[in-house]
Amino acid sequence: AEAEADQKYVACNGDEGDPGSFMDRMILESFPFRVIEGMAIAAYAIGAGEGVFYVRCEYPLAVQRVREAIRVCEAAGLLESGPVLRVVEGAGAFVCGEETALLAAIEGERGMPRIRPPYPSEQGLHGQPTLVNNVETYATVPWVVVRGADAFRQLGTPGSPGTKTFALAGRIARGGLIEVPMGTTIREVVEEIGGGVGEGHTFKAVQIGGPSGGCIPARLADISIDFDSLHSEGSMM
């Protein structure tokens, strides 16, 4: 918001490349208007005139529904005061989930990370100040605006307010998508929400964060899922 420029951008990172992850896909396919509203609010807050959805080409239904939602909003005059929104389909490169590689791909360049600084908030898309956030963040913005920051902070922990969506997979009774308050423990997720690992099997470890994450042994399963724990517990890194 403090950057001085004639043109600013907002970008939505919908390049969900981790195997088994489909949180962003669900939101884009089911609640595209919520994400569009969040991007419009963000654009107003920083003075951006254009917004870009970067969505994986492997998500054709999400691409279709976001484009249709944008068309509906434009036809209803909801975006007359900006921003101009468009969708760019990613070509499947995992590295484009990194924000600077994502911006390079939007520009038609090879999706490779750039050295920072300068950060996208200073020099991003086409060299202009750019706000990059993920799908979940933009989808949460309208809720916070309507109900207030204090209501949002009543969920989660003081250092990590709000909720988080996770994809559960593997040898558990109930897989799928869940949304839990930050501060929920790994054991609660696996044993209570996921129904446990099943009769005849033992809960030994859980992999968090996809291929870029790590395995948390069962003896640490009572650690809460929040940024406070991530910073204070070396075993969580």
# chains A, B, ... in the order shown; residues from 1 in each chain; ligands from 1
call {"tool": "residues_around", "arguments": {"residues": "A:Cys57", "least_positions_apart": "6", "cutoff": "9 Å", "atoms": "only C-alpha atoms", "output": "PyMOL selection string"}}
result
chain A and resi 15+63+88-92
call {"tool": "write_last_selection", "arguments": {"atoms": "N, CA and C atoms", "output": "PDB file, in the first residue's frame"}}
result
ATOM      1  N   ASP A  15      -1.437 -22.170  -7.666  1.00  0.00           N
ATOM      2  CA  ASP A  15      -0.571 -23.212  -8.212  1.00  0.00           C
ATOM      3  C   ASP A  15      -0.295 -24.236  -7.116  1.00  0.00           C
ATOM      4  N   VAL A  63     -10.525 -23.449 -13.269  1.00  0.00           N
ATOM      5  CA  VAL A  63     -10.306 -22.380 -14.249  1.00  0.00           C
ATOM      6  C   VAL A  63     -11.635 -21.940 -14.843  1.00  0.00           C
ATOM      7  N   VAL A  88      -4.731 -16.766 -15.576  1.00  0.00           N
ATOM      8  CA  VAL A  88      -3.593 -17.315 -16.313  1.00  0.00           C
ATOM      9  C   VAL A  88      -3.422 -18.757 -15.865  1.00  0.00           C
ATOM     10  N   GLU A  89      -3.349 -19.672 -16.824  1.00  0.00           N
ATOM     11  CA  GLU A  89      -3.193 -21.079 -16.498  1.00  0.00           C
ATOM     12  C   GLU A  89      -1.718 -21.452 -16.420  1.00  0.00           C
ATOM     13  N   GLY A  90      -1.323 -22.078 -15.316  1.00  0.00           N
ATOM     14  CA  GLY A  90       0.045 -22.550 -15.177  1.00  0.00           C
ATOM     15  C   GLY A  90       0.270 -23.790 -16.022  1.00  0.00           C
ATOM     16  N   ALA A  91       1.518 -24.039 -16.363  1.00  0.00           N
ATOM     17  CA  ALA A  91       1.854 -25.161 -17.239  1.00  0.00           C
ATOM     18  C   ALA A  91       2.270 -26.407 -16.468  1.00  0.00           C
ATOM     19  N   GLY A  92       2.108 -26.411 -15.151  1.00  0.00           N
ATOM     20  CA  GLY A  92       2.398 -27.597 -14.367  1.00  0.00           C
ATOM     21  C   GLY A  92       3.752 -27.630 -13.704  1.00  0.00           C
TER      22      GLY A  92
END
call {"tool": "closest_residue", "arguments": {"among": "A:Glu68, A:Glu179, A:Glu122, A:Glu50", "to": "A:Glu29", "atoms": "only C-alpha atoms"}}
result
A:Glu68
call {"tool": "residues_around", "arguments": {"residues": "A:Ala48", "least_positions_apart": "3", "cutoff": "7 Å", "atoms": "only C-alpha atoms", "output": "JSON, numbers by chain"}}
result
{"A": [7, 8, 9, 10, 43, 44, 83]}
call {"tool": "atom_distance", "arguments": {"atom1": "atom CA of A:Gln123", "atom2": "atom CA of A:Cys96"}}
result
17.4 Å
call {"tool": "residues_around", "arguments": {"residues": "stretch 97-113 of chain A", "least_positions_apart": "3", "cutoff": "7 Å", "atoms": "only C-alpha atoms", "output": "list in words"}}
result
Asn13, Asp15, Glu16, Val88, Phe94, Gly124, Leu125 and Val132 of chain A
